[in-house]
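S.K.: Below you'll find my_file05.pdb; it's PDB, C-alpha atoms, pLDDT in the B column.
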```
ATOM      1  CA  MET A  27      -9.821  16.901   2.491  1.00 88.00           C
ATOM      2  CA  LYS A  28     -10.991  13.924   4.531  1.00 97.00           C
ATOM      3  CA  LEU A  29     -10.156  10.491   3.163  1.00 98.00           C
ATOM      4  CA  ASP A  30     -12.162   7.307   3.308  1.00 98.00           C
ATOM      5  CA  LEU A  31      -9.054   5.216   2.661  1.00 98.00           C
ATOM      6  CA  LEU A  32      -5.342   5.992   3.108  1.00 98.00           C
ATOM      7  CA  ALA A  33      -2.585   3.561   2.111  1.00 98.00           C
ATOM      8  CA  ILE A  34       0.777   4.059   3.845  1.00 98.00           C
ATOM      9  CA  ALA A  35       3.917   2.454   2.426  1.00 96.00           C
ATOM     10  CA  PRO A  36       7.678   2.969   2.711  1.00 95.00           C
ATOM     11  CA  HIS A  37       8.547   3.433  -0.978  1.00 92.00           C
ATOM     12  CA  PRO A  38       6.915   4.647  -4.189  1.00 91.00           C
ATOM     13  CA  ASP A  39       5.526   1.556  -6.009  1.00 89.00           C
ATOM     14  CA  ASP A  40       4.827  -0.444  -2.816  1.00 91.00           C
ATOM     15  CA  VAL A  41       1.138   0.488  -2.772  1.00 95.00           C
ATOM     16  CA  GLU A  42       0.770  -0.370  -6.452  1.00 94.00           C
ATOM     17  CA  LEU A  43       2.269  -3.820  -5.924  1.00 91.00           C
ATOM     18  CA  THR A  44       0.453  -4.763  -2.724  1.00 93.00           C
ATOM     19  CA  CYS A  45      -2.972  -3.096  -2.768  1.00 96.00           C
ATOM     20  CA  GLY A  46      -3.231  -1.105  -5.992  1.00 96.00           C
ATOM     21  CA  GLY A  47      -6.267  -2.978  -7.242  1.00 97.00           C
ATOM     22  CA  THR A  48      -8.113  -2.333  -4.014  1.00 98.00           C
ATOM     23  CA  MET A  49      -7.273   1.378  -4.173  1.00 98.00           C
ATOM     24  CA  ILE A  50      -8.721   1.507  -7.691  1.00 98.00           C
ATOM     25  CA  LYS A  51     -11.817  -0.446  -6.705  1.00 98.00           C
ATOM     26  CA  MET A  52     -12.569   1.828  -3.754  1.00 98.00           C
ATOM     27  CA  ALA A  53     -12.092   4.960  -5.867  1.00 98.00           C
ATOM     28  CA  GLN A  54     -14.425   3.527  -8.504  1.00 98.00           C
ATOM     29  CA  ALA A  55     -16.972   2.896  -5.755  1.00 98.00           C
ATOM     30  CA  GLY A  56     -16.969   6.601  -4.944  1.00 98.00           C
ATOM     31  CA  PHE A  57     -14.672   6.638  -1.921  1.00 98.00           C
ATOM     32  CA  THR A  58     -12.002   9.297  -1.470  1.00 98.00           C
ATOM     33  CA  THR A  59      -8.604   7.629  -1.448  1.00 98.00           C
ATOM     34  CA  GLY A  60      -5.012   8.671  -0.862  1.00 98.00           C
ATOM     35  CA  ILE A  61      -1.442   7.398  -0.584  1.00 98.00           C
ATOM     36  CA  LEU A  62       1.318   8.378   1.836  1.00 98.00           C
ATOM     37  CA  ASP A  63       4.779   7.302   0.658  1.00 97.00           C
ATOM     38  CA  LEU A  64       7.198   7.573   3.558  1.00 97.00           C
ATOM     39  CA  THR A  65      10.447   7.827   1.556  1.00 94.00           C
ATOM     40  CA  ARG A  66      11.554   8.703  -1.962  1.00 90.00           C
ATOM     41  CA  GLY A  67      13.389   5.400  -2.389  1.00 83.00           C
ATOM     42  CA  GLU A  68      16.680   7.236  -2.768  1.00 77.00           C
ATOM     43  CA  THR A  69      18.896   4.304  -1.740  1.00 73.00           C
ATOM     44  CA  GLY A  70      17.380   1.975  -4.336  1.00 65.00           C
ATOM     45  CA  SER A  71      19.549   0.524  -7.096  1.00 55.00           C
ATOM     46  CA  ARG A  72      17.431   2.004  -9.885  1.00 65.00           C
ATOM     47  CA  GLY A  73      16.285   5.473 -10.821  1.00 63.00           C
ATOM     48  CA  THR A  74      16.634   8.709  -8.856  1.00 79.00           C
ATOM     49  CA  PRO A  75      14.340  10.281  -6.261  1.00 76.00           C
ATOM     50  CA  GLU A  76      13.187  12.788  -8.874  1.00 85.00           C
ATOM     51  CA  ILE A  77      12.396  10.103 -11.424  1.00 87.00           C
ATOM     52  CA  ARG A  78      10.534   8.010  -8.866  1.00 85.00           C
ATOM     53  CA  LEU A  79       8.434  10.982  -7.793  1.00 91.00           C
ATOM     54  CA  ARG A  80       7.403  11.566 -11.413  1.00 93.00           C
ATOM     55  CA  GLU A  81       6.605   7.880 -11.827  1.00 93.00           C
ATOM     56  CA  ALA A  82       4.573   7.933  -8.601  1.00 94.00           C
ATOM     57  CA  ALA A  83       2.528  10.867  -9.888  1.00 95.00           C
ATOM     58  CA  LYS A  84       1.828   8.987 -13.129  1.00 96.00           C
ATOM     59  CA  ALA A  85       0.875   5.828 -11.232  1.00 96.00           C
ATOM     60  CA  ALA A  86      -1.451   7.836  -8.962  1.00 97.00           C
ATOM     61  CA  LYS A  87      -3.532   8.787 -11.980  1.00 97.00           C
ATOM     62  CA  HIS A  88      -4.037   5.128 -12.846  1.00 97.00           C
ATOM     63  CA  LEU A  89      -4.976   4.420  -9.220  1.00 98.00           C
ATOM     64  CA  ARG A  90      -7.416   7.358  -9.235  1.00 98.00           C
ATOM     65  CA  VAL A  91      -6.300   8.558  -5.814  1.00 98.00           C
ATOM     66  CA  SER A  92      -7.269  12.074  -4.738  1.00 98.00           C
ATOM     67  CA  ILE A  93      -4.081  12.683  -2.745  1.00 97.00           C
ATOM     68  CA  ARG A  94      -0.536  11.357  -2.969  1.00 97.00           C
ATOM     69  CA  ARG A  95       2.054  12.725  -0.589  1.00 97.00           C
ATOM     70  CA  ASN A  96       5.687  11.858   0.088  1.00 96.00           C
ATOM     71  CA  LEU A  97       7.065  12.544   3.569  1.00 96.00           C
ATOM     72  CA  GLY A  98      10.702  12.403   2.442  1.00 94.00           C
ATOM     73  CA  LEU A  99      11.824  10.308   5.399  1.00 95.00           C
ATOM     74  CA  PRO A 100      15.251   8.641   4.978  1.00 93.00           C
ATOM     75  CA  ASP A 101      15.059   5.538   2.799  1.00 90.00           C
ATOM     76  CA  ALA A 102      16.550   2.414   4.423  1.00 87.00           C
ATOM     77  CA  HIS A 103      16.705   4.374   7.675  1.00 92.00           C
ATOM     78  CA  LEU A 104      13.121   4.218   8.866  1.00 94.00           C
ATOM     79  CA  SER A 105      12.989   3.756  12.626  1.00 95.00           C
ATOM     80  CA  VAL A 106      10.326   3.769  15.299  1.00 95.00           C
ATOM     81  CA  CYS A 107      11.222   7.154  16.721  1.00 96.00           C
ATOM     82  CA  GLU A 108       9.169  10.143  17.823  1.00 96.00           C
ATOM     83  CA  GLU A 109      10.168  12.326  14.873  1.00 97.00           C
ATOM     84  CA  GLN A 110       9.018   9.843  12.244  1.00 97.00           C
ATOM     85  CA  LYS A 111       5.884   8.790  14.133  1.00 97.00           C
ATOM     86  CA  GLU A 112       4.833  12.397  14.568  1.00 97.00           C
ATOM     87  CA  ALA A 113       5.365  13.162  10.873  1.00 98.00           C
ATOM     88  CA  ILE A 114       2.907  10.398   9.958  1.00 98.00           C
ATOM     89  CA  ALA A 115       0.503  11.270  12.769  1.00 98.00           C
ATOM     90  CA  ARG A 116       0.204  14.848  11.475  1.00 98.00           C
ATOM     91  CA  VAL A 117      -0.954  13.474   8.127  1.00 98.00           C
ATOM     92  CA  ILE A 118      -3.471  11.241   9.902  1.00 98.00           C
ATOM     93  CA  ARG A 119      -4.898  14.257  11.707  1.00 98.00           C
ATOM     94  CA  GLU A 120      -4.947  16.289   8.505  1.00 97.00           C
ATOM     95  CA  PHE A 121      -6.789  13.769   6.298  1.00 98.00           C
ATOM     96  CA  GLN A 122      -8.717  11.869   9.001  1.00 98.00           C
ATOM     97  CA  PRO A 123      -8.928   8.576   7.058  1.00 98.00           C
ATOM     98  CA  THR A 124     -11.613   6.109   8.081  1.00 98.00           C
ATOM     99  CA  THR A 125      -9.484   3.116   7.056  1.00 98.00           C
ATOM    100  CA  VAL A 126      -5.703   2.846   6.807  1.00 98.00           C
ATOM    101  CA  ILE A 127      -3.798   0.188   4.869  1.00 98.00           C
ATOM    102  CA  LEU A 128      -0.358  -0.641   6.284  1.00 98.00           C
ATOM    103  CA  PRO A 129       2.357  -3.031   5.095  1.00 96.00           C
ATOM    104  CA  TYR A 130       2.362  -6.490   6.640  1.00 95.00           C
ATOM    105  CA  TRP A 131       4.426  -6.557   9.846  1.00 93.00           C
ATOM    106  CA  GLU A 132       6.949  -9.120   8.567  1.00 88.00           C
ATOM    107  CA  GLY A 133       9.143  -8.829   5.476  1.00 81.00           C
ATOM    108  CA  ARG A 134      12.606  -8.943   3.949  1.00 81.00           C
ATOM    109  CA  HIS A 135      13.158  -5.181   3.725  1.00 84.00           C
ATOM    110  CA  PRO A 136      13.511  -3.504   7.144  1.00 90.00           C
ATOM    111  CA  ASP A 137      11.622  -0.447   5.884  1.00 89.00           C
ATOM    112  CA  HIS A 138       8.538  -2.575   5.269  1.00 90.00           C
ATOM    113  CA  TYR A 139       8.096  -4.031   8.718  1.00 94.00           C
ATOM    114  CA  THR A 140       9.303  -0.813  10.357  1.00 96.00           C
ATOM    115  CA  SER A 141       6.720   1.248   8.483  1.00 96.00           C
ATOM    116  CA  SER A 142       4.044  -1.177   9.674  1.00 97.00           C
ATOM    117  CA  ILE A 143       4.916  -0.397  13.286  1.00 97.00           C
ATOM    118  CA  LEU A 144       5.402   3.299  12.558  1.00 97.00           C
ATOM    119  CA  GLY A 145       2.012   3.526  10.886  1.00 98.00           C
ATOM    120  CA  TYR A 146       0.201   1.785  13.727  1.00 98.00           C
ATOM    121  CA  GLU A 147       1.811   3.897  16.442  1.00 98.00           C
ATOM    122  CA  ALA A 148       1.231   7.086  14.428  1.00 98.00           C
ATOM    123  CA  CYS A 149      -2.471   6.235  14.118  1.00 98.00           C
ATOM    124  CA  PHE A 150      -2.596   5.734  17.870  1.00 98.00           C
ATOM    125  CA  ILE A 151      -0.871   8.943  18.955  1.00 98.00           C
ATOM    126  CA  ALA A 152      -2.874  10.955  16.394  1.00 98.00           C
ATOM    127  CA  GLY A 153      -5.902  10.198  18.542  1.00 98.00           C
ATOM    128  CA  LEU A 154      -4.389  11.448  21.786  1.00 97.00           C
ATOM    129  CA  LYS A 155      -6.044  14.780  22.518  1.00 96.00           C
ATOM    130  CA  ASN A 156      -3.145  16.174  24.517  1.00 95.00           C
ATOM    131  CA  TYR A 157      -0.373  14.917  22.263  1.00 95.00           C
ATOM    132  CA  PRO A 158       1.247  18.103  20.858  1.00 91.00           C
ATOM    133  CA  LEU A 159       0.947  17.594  17.115  1.00 93.00           C
ATOM    134  CA  GLY A 160      -1.311  20.444  16.126  1.00 89.00           C
ATOM    135  CA  GLY A 161      -4.682  19.943  14.520  1.00 91.00           C
ATOM    136  CA  GLU A 162      -7.641  17.988  15.806  1.00 95.00           C
ATOM    137  CA  ALA A 163      -7.065  14.671  17.562  1.00 97.00           C
ATOM    138  CA  TYR A 164      -8.206  11.843  15.311  1.00 98.00           C
ATOM    139  CA  ARG A 165      -7.783   8.078  15.142  1.00 98.00           C
ATOM    140  CA  PRO A 166      -8.762   5.883  12.142  1.00 98.00           C
ATOM    141  CA  PHE A 167     -11.589   3.415  12.700  1.00 98.00           C
ATOM    142  CA  LYS A 168      -9.913   0.496  10.932  1.00 98.00           C
ATOM    143  CA  ILE A 169      -6.356  -0.631  10.166  1.00 98.00           C
ATOM    144  CA  ILE A 170      -5.803  -3.414   7.645  1.00 98.00           C
ATOM    145  CA  TYR A 171      -2.506  -4.934   6.543  1.00 98.00           C
ATOM    146  CA  ALA A 172      -1.640  -5.773   2.946  1.00 97.00           C
ATOM    147  CA  ALA A 173      -0.683  -9.455   2.698  1.00 93.00           C
ATOM    148  CA  ALA A 174       2.178  -8.995   0.270  1.00 84.00           C
ATOM    149  CA  TYR A 175       3.580 -12.532   0.452  1.00 82.00           C
ATOM    150  CA  ASP A 176       2.085 -15.842  -0.587  1.00 80.00           C
ATOM    151  CA  THR A 177       3.190 -17.326   2.741  1.00 86.00           C
ATOM    152  CA  VAL A 178       0.699 -15.071   4.551  1.00 91.00           C
ATOM    153  CA  THR A 179      -2.827 -16.362   5.129  1.00 94.00           C
ATOM    154  CA  PRO A 180      -5.154 -13.392   4.571  1.00 96.00           C
ATOM    155  CA  THR A 181      -8.155 -12.657   6.742  1.00 97.00           C
ATOM    156  CA  PHE A 182     -10.049 -11.606   3.634  1.00 97.00           C
ATOM    157  CA  VAL A 183      -9.429 -11.145  -0.082  1.00 97.00           C
ATOM    158  CA  VAL A 184     -10.671  -8.354  -2.336  1.00 98.00           C
ATOM    159  CA  ASP A 185     -11.719  -9.339  -5.856  1.00 98.00           C
ATOM    160  CA  ILE A 186      -9.683  -7.091  -8.190  1.00 98.00           C
ATOM    161  CA  THR A 187     -10.383  -8.948 -11.432  1.00 98.00           C
ATOM    162  CA  LYS A 188     -11.955  -5.896 -13.075  1.00 98.00           C
ATOM    163  CA  GLN A 189      -9.213  -3.625 -11.736  1.00 98.00           C
ATOM    164  CA  TYR A 190      -6.254  -5.825 -12.576  1.00 96.00           C
ATOM    165  CA  GLU A 191      -5.328  -4.303 -15.941  1.00 95.00           C
ATOM    166  CA  ARG A 192      -5.416  -0.778 -14.527  1.00 96.00           C
ATOM    167  CA  ARG A 193      -3.299  -1.917 -11.565  1.00 95.00           C
ATOM    168  CA  LYS A 194      -0.778  -3.350 -14.003  1.00 91.00           C
ATOM    169  CA  LYS A 195      -0.561   0.015 -15.793  1.00 93.00           C
ATOM    170  CA  ALA A 196       0.079   1.704 -12.448  1.00 94.00           C
ATOM    171  CA  VAL A 197       2.903  -0.707 -11.618  1.00 90.00           C
ATOM    172  CA  LEU A 198       4.466  -0.345 -15.058  1.00 88.00           C
ATOM    173  CA  SER A 199       4.575   3.417 -14.554  1.00 90.00           C
ATOM    174  CA  TYR A 200       7.775   2.713 -12.601  1.00 86.00           C
ATOM    175  CA  ARG A 201       9.948   1.980 -15.593  1.00 82.00           C
ATOM    176  CA  SER A 202      13.093   2.932 -13.685  1.00 79.00           C
ATOM    177  CA  GLN A 203      12.480   0.017 -11.332  1.00 73.00           C
ATOM    178  CA  PHE A 204      11.266  -2.649 -13.702  1.00 70.00           C
ATOM    179  CA  ALA A 205      13.417  -2.209 -16.809  1.00 65.00           C
ATOM    180  CA  PRO A 206      17.239  -2.465 -16.838  1.00 57.00           C
ATOM    181  CA  PRO A 207      19.237   0.531 -18.114  1.00 57.00           C
ATOM    182  CA  ASN A 208      20.641  -0.001 -21.623  1.00 59.00           C
ATOM    183  CA  LYS A 209      24.195   0.303 -20.340  1.00 55.00           C
ATOM    184  CA  ASP A 210      23.716  -2.423 -17.743  1.00 52.00           C
ATOM    185  CA  LYS A 211      21.899  -5.307 -19.395  1.00 52.00           C
ATOM    186  CA  THR A 212      23.627  -7.890 -17.201  1.00 52.00           C
ATOM    187  CA  SER A 213      22.650  -6.407 -13.839  1.00 50.00           C
ATOM    188  CA  LYS A 214      20.554  -8.683 -11.681  1.00 52.00           C
ATOM    189  CA  VAL A 215      19.108  -5.857  -9.579  1.00 50.00           C
ATOM    190  CA  TYR A 216      15.950  -5.391 -11.604  1.00 52.00           C
ATOM    191  CA  LEU A 217      12.698  -7.078 -12.413  1.00 57.00           C
ATOM    192  CA  PRO A 218      12.386  -7.420 -16.200  1.00 59.00           C
ATOM    193  CA  LEU A 219       9.089  -6.359 -17.700  1.00 54.00           C
ATOM    194  CA  ASP A 220       8.553  -9.782 -19.276  1.00 55.00           C
ATOM    195  CA  GLU A 221       8.767 -11.405 -15.815  1.00 69.00           C
ATOM    196  CA  LEU A 222       6.880  -8.729 -13.894  1.00 63.00           C
ATOM    197  CA  GLU A 223       3.485  -9.602 -15.319  1.00 63.00           C
ATOM    198  CA  ASP A 224       4.007 -13.262 -14.471  1.00 72.00           C
ATOM    199  CA  ARG A 225       4.995 -12.490 -10.886  1.00 77.00           C
ATOM    200  CA  MET A 226       2.099 -10.068 -10.441  1.00 77.00           C
ATOM    201  CA  SER A 227      -0.313 -12.582 -11.896  1.00 80.00           C
ATOM    202  CA  LEU A 228       0.894 -15.450  -9.720  1.00 90.00           C
ATOM    203  CA  MET A 229       0.285 -13.571  -6.473  1.00 90.00           C
ATOM    204  CA  ALA A 230      -3.029 -12.081  -7.570  1.00 93.00           C
ATOM    205  CA  ARG A 231      -4.181 -15.405  -8.999  1.00 94.00           C
ATOM    206  CA  SER A 232      -3.181 -17.206  -5.803  1.00 94.00           C
ATOM    207  CA  PHE A 233      -5.266 -14.907  -3.634  1.00 95.00           C
ATOM    208  CA  GLY A 234      -8.059 -14.819  -6.201  1.00 96.00           C
ATOM    209  CA  SER A 235      -8.286 -18.596  -6.368  1.00 94.00           C
ATOM    210  CA  ARG A 236      -9.040 -18.709  -2.658  1.00 93.00           C
ATOM    211  CA  ILE A 237     -12.287 -16.824  -3.231  1.00 96.00           C
ATOM    212  CA  ASP A 238     -13.108 -18.323  -6.652  1.00 95.00           C
ATOM    213  CA  VAL A 239     -12.217 -15.257  -8.734  1.00 97.00           C
ATOM    214  CA  LYS A 240      -9.408 -14.625 -11.222  1.00 96.00           C
ATOM    215  CA  TYR A 241      -7.428 -11.958  -9.344  1.00 97.00           C
ATOM    216  CA  GLY A 242      -7.418 -10.891  -5.720  1.00 97.00           C
ATOM    217  CA  GLU A 243      -5.498  -8.917  -3.104  1.00 96.00           C
ATOM    218  CA  GLY A 244      -5.224 -10.299   0.416  1.00 96.00           C
ATOM    219  CA  PHE A 245      -5.440  -8.391   3.681  1.00 98.00           C
ATOM    220  CA  VAL A 246      -4.969  -9.240   7.339  1.00 97.00           C
ATOM    221  CA  VAL A 247      -6.698  -7.738  10.372  1.00 97.00           C
ATOM    222  CA  LYS A 248      -5.764  -8.403  13.988  1.00 96.00           C
ATOM    223  CA  GLU A 249      -9.307  -8.310  15.329  1.00 96.00           C
ATOM    224  CA  LEU A 250     -12.337 -10.481  14.633  1.00 96.00           C
ATOM    225  CA  MET A 251     -14.560  -9.749  11.647  1.00 93.00           C
ATOM    226  CA  GLN A 252     -18.259  -9.275  12.384  1.00 94.00           C
ATOM    227  CA  VAL A 253     -20.854 -11.027  10.212  1.00 94.00           C
ATOM    228  CA  GLU A 254     -24.568 -10.202  10.274  1.00 95.00           C
ATOM    229  CA  ASP A 255     -25.910 -12.521   7.571  1.00 96.00           C
ATOM    230  CA  VAL A 256     -24.616 -16.097   7.550  1.00 95.00           C
ATOM    231  CA  VAL A 257     -27.046 -17.111   4.810  1.00 96.00           C
ATOM    232  CA  LYS A 258     -25.523 -14.831   2.167  1.00 95.00           C
ATOM    233  CA  LEU A 259     -21.842 -15.342   2.941  1.00 93.00           C
ATOM    234  CA  PRO A 260     -19.724 -15.302  -0.261  1.00 92.00           C
ATOM    235  CA  VAL A 261     -17.228 -18.023  -1.327  1.00 91.00           C
ATOM    236  CA  ARG A 262     -18.414 -21.606  -1.646  1.00 89.00           C
ATOM    237  CA  SER A 263     -17.319 -24.129   0.987  1.00 89.00           C
ATOM    238  CA  MET A 264     -17.291 -27.179  -1.316  1.00 86.00           C
TER
END
```
Show me, as structure tokens, the structure contained in the file I just sent.
M.R.:
Amino acid sequence: MKLDLLAIAPHPDDVELTCGGTMIKMAQAGFTTGILDLTRGETGSRGTPEIRLREAAKAAKHLRVSIRRNLGLPDAHLSVCEEQKEAIARVIREFQPTTVILPYWEGRHPDHYTSSILGYEACFIAGLKNYPLGGEAYRPFKIIYAAAYDTVTPTFVVDITKQYERRKKAVLSYRSQFAPPNKDKTSKVYLPLDELEDRMSLMARSFGSRIDVKYGEGFVVKELMQVEDVVKLPVRSM
């Protein structure tokens, strides 16, 4: 299966939180979409790898993706090495995505910024004809980065107002991550469900407000954007 859009992220639930609305919107538009989770999140403070895989499968249904795969790379031990790059590059060659979404290249968790570099380099080597990966050499046309922090100025914002409620259902599929266990009500290593919606809304509203819509998801590209029609550009200047 060839994909129009592939989102790559280090842990299950990262795609849902950073670009889930966009994944839904593209699937609704008729594009073939997929997710590649690099790890099972096994070093996380909540849940188990098995539970998180089940939650990821449930979330994938809300996101309407055609493919969701987990590479099983070591959580909290992602590194820019040949073994890990090649594992991702093989998936790139297999699904031949036109566009790839990667995590933003700066962040608190080392896995996030490492997977950004890993994903970029994997996309590059996948296109090298004589690189011994198996399969047909292929390189995505476009790489975009999910602007997961309000300190990042996005290159563009996708209006996800109509997709927001479905995105929220996808995120809340990860109950192991966003609800404290009954035996540990005092633990601070969780994001309570009553706060999650507020935090999700703040980020999406912040990006949305920049393009005069209710909810948005921001993305960054490293190259210039081409515009053909300057008369019909969206978003009012004043």
S.K.: I'd like to know which of A:Pro158, A:Gly244, A:Gly46, A:Pro129 is closest to A:Leu144, using only C-alpha atoms.
M.R.: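 Checking each candidate against A:Leu144, we get A:Pro129 as the closest.
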S.K.: Counting all atoms listed in the file, which residue out of A:Phe204, A:Tyr241, A:Phe167, A:Trp131 sits closest to A:Tyr190?
M.R.: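 Selected residue with least distance to A:Tyr190: A:Tyr241.
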S.K.: Calculate how many Å separate atom CA of A:Lys195 from atom CA of A:Ser142, rounding to one decimal.
M.R.: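 Computing it gives 25.9 Å between the two atoms.
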S.K.: Determine, counting only C-alpha atoms, which protein, DNA and RNA residues have an atom within 8 Å of an atom of stretch 27-33 of chain A; residues of the same chain fewer than 3 positions away are not included. Present the result as a ChimeraX atom specification.
M.R.: /A:41,57-62,120-128
S.K.: For stretch 81-97 of chain A, work out the shell of residues within 9 Å, counting all atoms listed in the file and skipping chain neighbours fewer than 5 positions away, then give it as a PyMOL selection string.
M.R.: chain A and resi 27+29+32+37-39+42+46-47+49-51+53-54+58-66+76+113-114+192-193+195-202
S.K.: Find, counting all atoms listed in the file, the residue in A:Asp185, A:Asp224, A:Glu132, A:Glu191 that gets nearest to A:Asp238.
M.R.: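 Counting all atoms listed in the file, the residue closest to A:Asp238 is A:Asp185.
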S.K.: Could you please determine the separation between atom CA of A:Gln203 and atom CA of A:Pro36 in Å, to one decimal place?
M.R.: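 One can read the atom CA of A:Gln203 to atom CA of A:Pro36 distance as 15.1 Å.
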S.K.: Can you tell me which residues surround A:Thr69 at a distance of at most 10 Å, considering all atoms listed in the file, apart from same-chain residues fewer than 5 positions away, and format the answer as an NGL selection string?
M.R.: :A and (74-75 or 100-103)
S.K.: Ranking A:Val261, A:Leu159, A:Ile151, A:Ala230 by minimum distance to A:Lys194 and counting only C-alpha atoms, which one comes first?
M.R.: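 Among the listed residues, A:Ala230 lies closest to A:Lys194.
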S.K.: Between atom CA of A:Phe150 and atom CA of A:Tyr164, what is the spacing in Å?
M.R.: 8.7 Å
S.K.: Between A:Thr44, A:Ile118, A:Lys155, A:Cys107, which residue has the minimum interatomic distance to A:Ser141, considering only C-alpha atoms?
M.R.: A:Cys107
S.K.: Find, counting only C-alpha atoms, the residue in A:Lys168, A:Arg119, A:Arg236, A:Arg262 that gets nearest to A:Phe182.
M.R.: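 Among the listed residues, A:Arg236 lies closest to A:Phe182.
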